[in-house]
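As provided, model10.cif (mmCIF, C-alpha atoms) reads as follows.
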data_coords
#
loop_
_atom_site.group_PDB
_atom_site.id
_atom_site.type_symbol
_atom_site.label_atom_id
_atom_site.label_comp_id
_atom_site.auth_asym_id
_atom_site.auth_seq_id
_atom_site.Cartn_x
_atom_site.Cartn_y
_atom_site.Cartn_z
ATOM 1 C CA LEU E 253 8.944 -20.078 34.038
ATOM 2 C CA ALA E 254 6.881 -18.635 36.869
ATOM 3 C CA ALA E 255 9.669 -19.480 39.340
ATOM 4 C CA ILE E 256 12.157 -17.209 37.569
ATOM 5 C CA PRO E 257 12.507 -14.000 39.611
ATOM 6 C CA ASP E 258 13.985 -10.621 38.804
ATOM 7 C CA THR E 259 17.706 -10.757 39.628
ATOM 8 C CA ARG E 260 20.723 -8.503 39.416
ATOM 9 C CA ILE E 261 21.585 -10.409 36.216
ATOM 10 C CA CYS E 262 18.373 -9.646 34.327
ATOM 11 C CA THR E 263 14.651 -9.184 34.668
ATOM 12 C CA ALA E 264 12.388 -12.190 35.069
ATOM 13 C CA GLU E 265 10.794 -11.302 31.721
ATOM 14 C CA ALA E 266 14.173 -11.370 29.921
ATOM 15 C CA ALA E 267 15.032 -14.755 31.433
ATOM 16 C CA ARG E 268 11.600 -16.169 30.596
ATOM 17 C CA VAL E 269 11.769 -14.938 27.010
ATOM 18 C CA LEU E 270 15.269 -16.407 26.701
ATOM 19 C CA VAL E 271 13.948 -19.822 27.777
ATOM 20 C CA LEU E 272 10.938 -19.525 25.451
ATOM 21 C CA THR E 273 13.215 -18.523 22.573
ATOM 22 C CA SER E 274 15.307 -21.626 23.093
ATOM 23 C CA LEU E 275 12.238 -23.872 23.421
ATOM 24 C CA MET E 276 10.620 -22.355 20.309
ATOM 25 C CA THR E 277 13.697 -22.297 18.093
ATOM 26 C CA GLY E 278 16.261 -24.772 19.395
ATOM 27 C CA LEU E 279 18.937 -22.086 19.374
ATOM 28 C CA ARG E 280 22.066 -22.685 21.421
ATOM 29 C CA VAL E 281 22.450 -20.319 24.376
ATOM 30 C CA SER E 282 25.294 -18.532 22.541
ATOM 31 C CA GLU E 283 23.011 -18.046 19.515
ATOM 32 C CA CYS E 284 20.216 -16.646 21.706
ATOM 33 C CA LEU E 285 22.613 -14.289 23.443
ATOM 34 C CA GLY E 286 24.043 -13.221 20.070
ATOM 35 C CA LEU E 287 20.665 -12.061 18.760
ATOM 36 C CA GLN E 288 20.459 -8.457 17.699
ATOM 37 C CA ARG E 289 17.267 -6.522 17.089
ATOM 38 C CA GLY E 290 17.842 -6.640 13.313
ATOM 39 C CA ASP E 291 17.802 -10.457 13.451
ATOM 40 C CA VAL E 292 14.147 -10.450 14.543
ATOM 41 C CA ALA E 293 11.534 -9.610 11.902
ATOM 42 C CA GLY E 294 8.299 -10.895 10.436
ATOM 43 C CA GLY E 295 7.868 -13.651 13.028
ATOM 44 C CA TRP E 296 11.305 -15.122 12.315
ATOM 45 C CA ILE E 297 14.791 -15.056 13.841
ATOM 46 C CA THR E 298 17.844 -15.124 11.614
ATOM 47 C CA VAL E 299 20.897 -16.713 13.249
ATOM 48 C CA GLU E 300 23.976 -14.878 11.987
ATOM 49 C CA ARG E 301 26.238 -14.801 15.019
ATOM 50 C CA ARG E 302 26.791 -16.108 18.487
ATOM 51 C CA TRP E 303 28.002 -14.490 21.691
ATOM 52 C CA ARG E 304 30.183 -16.737 23.762
ATOM 53 C CA ARG E 305 31.810 -15.445 26.911
ATOM 54 C CA GLY E 306 32.700 -12.017 25.624
ATOM 55 C CA ASP E 307 33.401 -12.999 22.040
ATOM 56 C CA VAL E 308 31.212 -12.404 18.994
ATOM 57 C CA SER E 309 31.739 -15.012 16.293
ATOM 58 C CA THR E 310 30.015 -16.800 13.457
ATOM 59 C CA PRO E 311 27.603 -19.624 14.208
ATOM 60 C CA LYS E 312 29.122 -22.940 15.257
ATOM 61 C CA SER E 313 28.779 -24.545 11.806
ATOM 62 C CA ILE E 314 27.467 -23.775 8.332
ATOM 63 C CA ARG E 315 24.174 -25.482 9.236
ATOM 64 C CA SER E 316 23.898 -23.320 12.352
ATOM 65 C CA ALA E 317 23.314 -20.195 10.252
ATOM 66 C CA ARG E 318 19.568 -20.541 9.816
ATOM 67 C CA ARG E 319 16.135 -18.950 10.224
ATOM 68 C CA ARG E 320 13.710 -20.078 12.931
ATOM 69 C CA PHE E 321 10.040 -19.266 13.356
ATOM 70 C CA ILE E 322 9.043 -17.369 16.516
ATOM 71 C CA GLY E 323 5.593 -16.021 15.667
ATOM 72 C CA ALA E 324 4.018 -14.030 18.483
ATOM 73 C CA LEU E 325 7.206 -14.251 20.560
ATOM 74 C CA GLU E 326 8.633 -11.522 18.301
ATOM 75 C CA SER E 327 6.943 -8.652 20.163
ATOM 76 C CA ARG E 328 8.236 -9.907 23.532
ATOM 77 C CA LEU E 329 11.773 -10.216 22.142
ATOM 78 C CA LEU E 330 11.777 -6.724 20.693
ATOM 79 C CA ALA E 331 10.324 -5.234 23.896
ATOM 80 C CA LEU E 332 13.262 -6.495 25.982
ATOM 81 C CA SER E 333 15.966 -4.048 25.052
ATOM 82 C CA PRO E 334 16.171 -0.758 23.183
ATOM 83 C CA GLY E 335 19.863 -1.431 22.476
ATOM 84 C CA THR E 336 21.538 -3.508 19.791
ATOM 85 C CA TRP E 337 21.408 -6.822 21.666
ATOM 86 C CA VAL E 338 18.037 -8.466 22.298
ATOM 87 C CA PHE E 339 19.314 -9.963 25.564
ATOM 88 C CA GLY E 340 21.464 -7.006 26.573
ATOM 89 C CA GLY E 341 22.627 -6.578 30.129
ATOM 90 C CA HIS E 342 23.265 -3.502 32.213
ATOM 91 C CA ASP E 343 26.551 -2.818 30.407
ATOM 92 C CA ASN E 344 24.929 -2.955 26.935
ATOM 93 C CA GLU E 345 26.686 -6.257 26.290
ATOM 94 C CA PRO E 346 24.842 -9.572 25.971
ATOM 95 C CA LEU E 347 24.080 -11.429 29.181
ATOM 96 C CA ALA E 348 26.676 -13.898 30.469
ATOM 97 C CA ASP E 349 25.631 -17.546 30.196
ATOM 98 C CA ARG E 350 27.435 -18.592 33.387
ATOM 99 C CA ASP E 351 25.732 -15.861 35.419
ATOM 100 C CA LEU E 352 22.361 -16.863 33.994
ATOM 101 C CA GLN E 353 22.946 -20.492 34.897
ATOM 102 C CA GLN E 354 24.235 -19.830 38.421
ATOM 103 C CA HIS E 355 21.952 -16.993 39.509
ATOM 104 C CA VAL E 356 18.785 -17.414 37.440
ATOM 105 C CA PHE E 357 18.094 -20.843 35.936
ATOM 106 C CA ARG E 358 19.534 -23.169 38.568
ATOM 107 C CA PRO E 359 17.816 -21.452 41.533
ATOM 108 C CA ALA E 360 14.479 -21.422 39.665
ATOM 109 C CA ALA E 361 14.808 -25.101 38.725
ATOM 110 C CA GLU E 362 15.723 -25.995 42.308
ATOM 111 C CA ALA E 363 12.740 -24.012 43.616
ATOM 112 C CA VAL E 364 10.295 -26.125 41.605
ATOM 113 C CA GLY E 365 12.147 -29.412 42.031
ATOM 114 C CA ILE E 366 13.280 -30.008 38.442
ATOM 115 C CA TYR E 367 16.982 -29.334 38.844
ATOM 116 C CA HIS E 368 19.359 -32.177 37.995
ATOM 117 C CA ALA E 369 23.062 -32.369 37.238
ATOM 118 C CA GLY E 370 23.525 -30.896 33.782
ATOM 119 C CA PHE E 371 20.343 -28.793 33.892
ATOM 120 C CA GLY E 372 20.699 -25.536 31.988
ATOM 121 C CA MET E 373 19.939 -23.782 28.736
ATOM 122 C CA HIS E 374 21.126 -26.815 26.796
ATOM 123 C CA THR E 375 18.260 -28.719 28.418
ATOM 124 C CA MET E 376 15.866 -26.405 26.553
ATOM 125 C CA ARG E 377 17.605 -27.194 23.257
ATOM 126 C CA ARG E 378 17.259 -30.908 23.912
ATOM 127 C CA MET E 379 13.582 -30.433 24.741
ATOM 128 C CA TYR E 380 13.120 -28.515 21.476
ATOM 129 C CA VAL E 381 14.485 -31.413 19.424
ATOM 130 C CA SER E 382 12.284 -33.913 21.280
ATOM 131 C CA TYR E 383 9.188 -31.710 20.966
ATOM 132 C CA GLN E 384 9.805 -31.313 17.228
ATOM 133 C CA VAL E 385 9.675 -35.082 16.776
ATOM 134 C CA GLU E 386 6.689 -35.440 19.139
ATOM 135 C CA GLU E 387 4.800 -32.885 17.030
ATOM 136 C CA GLY E 388 5.456 -34.837 13.825
ATOM 137 C CA ALA E 389 8.793 -33.589 12.476
ATOM 138 C CA SER E 390 11.082 -36.288 11.177
ATOM 139 C CA PRO E 391 14.491 -36.633 12.858
ATOM 140 C CA LEU E 392 16.005 -35.125 9.675
ATOM 141 C CA GLU E 393 13.739 -32.078 9.965
ATOM 142 C CA ALA E 394 14.647 -31.724 13.653
ATOM 143 C CA MET E 395 18.337 -32.014 12.714
ATOM 144 C CA ALA E 396 18.072 -29.169 10.194
ATOM 145 C CA ARG E 397 16.051 -26.970 12.555
ATOM 146 C CA ALA E 398 18.535 -27.472 15.396
ATOM 147 C CA GLY E 399 21.449 -26.758 13.066
ATOM 148 C CA HIS E 400 23.074 -30.127 13.723
ATOM 149 C CA ALA E 401 25.704 -31.365 11.293
ATOM 150 C CA SER E 402 24.793 -35.040 11.759
ATOM 151 C CA ILE E 403 21.719 -37.124 12.466
ATOM 152 C CA GLY E 404 23.683 -38.957 15.167
ATOM 153 C CA THR E 405 23.856 -35.781 17.245
ATOM 154 C CA THR E 406 20.133 -35.221 16.828
ATOM 155 C CA MET E 407 19.367 -38.763 17.935
ATOM 156 C CA LEU E 408 21.371 -38.183 21.136
ATOM 157 C CA TYR E 409 19.136 -35.190 21.911
ATOM 158 C CA LEU E 410 15.851 -37.080 21.707
ATOM 159 C CA LEU E 411 14.274 -37.727 25.078
ATOM 160 C CA GLU E 412 12.577 -41.072 25.562
ATOM 161 C CA ASP E 413 8.809 -40.873 25.330
ATOM 162 C CA HIS E 414 7.590 -43.781 27.436
ATOM 163 C CA GLY E 415 3.942 -42.850 26.943
ATOM 164 C CA ARG E 416 4.306 -43.036 23.180
ATOM 165 C CA GLU E 417 6.314 -46.249 23.430
ATOM 166 C CA SER E 418 3.621 -47.945 25.529
ATOM 167 C CA ALA E 419 0.828 -46.743 23.207
ATOM 168 C CA ILE E 420 2.669 -48.160 20.182
ATOM 169 C CA GLY E 421 3.345 -51.379 22.102
ATOM 170 C CA GLU E 422 -0.353 -51.739 22.934
ATOM 171 C CA ARG E 423 -1.350 -51.194 19.291
ATOM 172 C CA LEU E 424 1.241 -53.730 18.130
ATOM 173 C CA MET E 425 0.054 -56.294 20.660
ATOM 174 C CA ALA E 426 -3.550 -55.773 19.530
ATOM 175 C CA ARG E 427 -2.466 -56.215 15.924
ATOM 176 C CA PHE E 428 -0.494 -59.386 16.626
ATOM 177 C CA ASP E 429 -2.971 -60.783 19.142
ATOM 178 C CA GLY E 430 -5.784 -60.562 16.607
ATOM 179 C CA ARG E 431 -3.783 -62.620 14.118
ATOM 180 C CA VAL E 432 -2.746 -65.402 16.463
ATOM 181 C CA GLN E 433 -5.273 -68.213 17.095
#
Just give me the structure as structure tokens.
Amino acid sequence: LAAIPDTRICTAEAARVLVLTSLMTGLRVSECLGLQRGDVAGGWITVERRWRRGDVSTPKSIRSARRRFIGALESRLLALSPGTWVFGGHDNEPLADRDLQQHVFRPAAEAVGIYHAGFGMHTMRRMYVSYQVEEGASPLEAMARAGHASIGTTMLYLLEDHGRESAIGERLMARFDGRVQ
């Protein structure tokens, strides 16, 4: 986040809050960009629309229309823009996802050495799903929170946790080793 600079696309603060919103809520980039000030209240975001390349539409699926907790992030979201759109650009329209990727997120990721093919806002959504499970949510809870229509999609989003795998393996070995004479 610290590597994100002010650009002609948006301020560093807007880009950072966009990333945090995705990491905290699992919203798709189009859902983040479609947020309006009225969707943010009481520490929650209500997903009612998405903004995709100049088009306002309904969320991707029935499950995608949902509420997500944002807590203290609310004040930072509401401080971004006095206009209708939370992530409004210079033309009072939502920011463009391609411009954000090309001129904001990719250069910042390259600067800190974390860029890889496919890196972008969807990476934050995948991290959200993995973090949900790491923090104790079941895959079904993570599925509902991400607005996925199937558990299979959610399972594709989970990042491997080698540290957890090795810890479980060690506990299993200790369990089995103690029983074998």
Between segment 336-382 of chain E and segment 266-286 of chain E, at 7 Å or less, what are the per-residue closest atom pairs and their distances in Å? Count only C-alpha atoms, order by chain and rising residue number, and return it as a Markdown table.
| residue | atom | partner | partner_atom | distance |
| --- | --- | --- | --- | --- |
| E:Phe339 | CA | E:Leu285 | CA | 5.8 |
| E:Pro346 | CA | E:Leu285 | CA | 5.8 |
| E:Leu347 | CA | E:Leu285 | CA | 6.6 |
| E:Met373 | CA | E:Val281 | CA | 6.1 |
| E:His374 | CA | E:Arg280 | CA | 6.8 |
| E:Met376 | CA | E:Leu275 | CA | 5.4 |
| E:Arg377 | CA | E:Gly278 | CA | 4.8 |
| E:Met379 | CA | E:Leu275 | CA | 6.8 |
| E:Tyr380 | CA | E:Leu275 | CA | 5.1 |
| E:Val381 | CA | E:Gly278 | CA | 6.9 |
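Atom to atom, atom CA of Glu386 of chain E and atom CA of Pro359 of chain E stand 28.7 Å apart.
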Among the residues E:Arg423, E:His400, E:Arg260, E:Arg289, the one that comes closest to Val338 of chain E [using all atoms listed in the file]: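 Closest candidate: E:Arg289.
Remark: for Arg350 of chain E, the closest of the candidate residues E:Arg427, E:Glu412, E:Gly306, E:Glu422 is E:Gly306 (distances computed over only C-alpha atoms).
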Non-local contacts of Ala363 of chain E (12 Å; all atoms listed in the file; under 3 positions in same chain excluded) as an MDAnalysis selection string: chainID E and resid 253:257 356:360 366:368
Nearest to Leu408 of chain E by atom-to-atom distance, counting all atoms listed in the file, from E:Ser390, E:Phe321, E:Val385, E:Arg378: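 Using all atoms listed in the file, Leu408 of chain E sits closest to E:Arg378.
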Between atom CA of Tyr409 of chain E and atom CA of Ala264 of chain E - distance in Å to one decimal: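 It comes out at 27.3 Å.
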Coordinates-based distance that separates atom CA of Ala394 of chain E from atom CA of Arg305 of chain E (Å, one decimal): 27.1 Å
Kindly list the centre and edge lengths in Å, rounded to one decimal, for the axis-aligned box that covers all listed atoms of segment 303-322 of chain E plus 3 Å on each of its six sides, as lines of an AutoDock Vina configuration file.
center_x = 21.2
center_y = -18.7
center_z = 17.6
size_x = 30.4
size_y = 19.5
size_z = 24.6
Residue nearest Ala324 of chain E - candidates E:Val299, E:Gly294, E:Asp307, E:Asp351, atoms counted: only C-alpha atoms: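 For Ala324 of chain E, the nearest of the candidates is E:Gly294.
Compared by their closest atoms to Ala331 of chain E, and using all atoms listed in the file, the residues E:Asp413, E:Asp429, E:Glu265, E:Glu362 rank with E:Glu265 nearest.
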For Arg315 of chain E, the nearest of the candidates E:Ile403, E:Leu410, E:Ala398, E:Ala419, counting all atoms listed in the file: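 Closest to Arg315 of chain E, using all atoms listed in the file: E:Ala398.
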Polymer residues at most 9 Å from Lys312 of chain E, all atoms listed in the file, same-chain spacing of 4 or more positions, as a ChimeraX atom specification: /E:283,301-302,316-317,399
Selection dump of the PyMOL selection byres ((chain E and resi 297) around 8), as a PyMOL selection string: chain E and resi 291-293+295-296+298-299+319-322
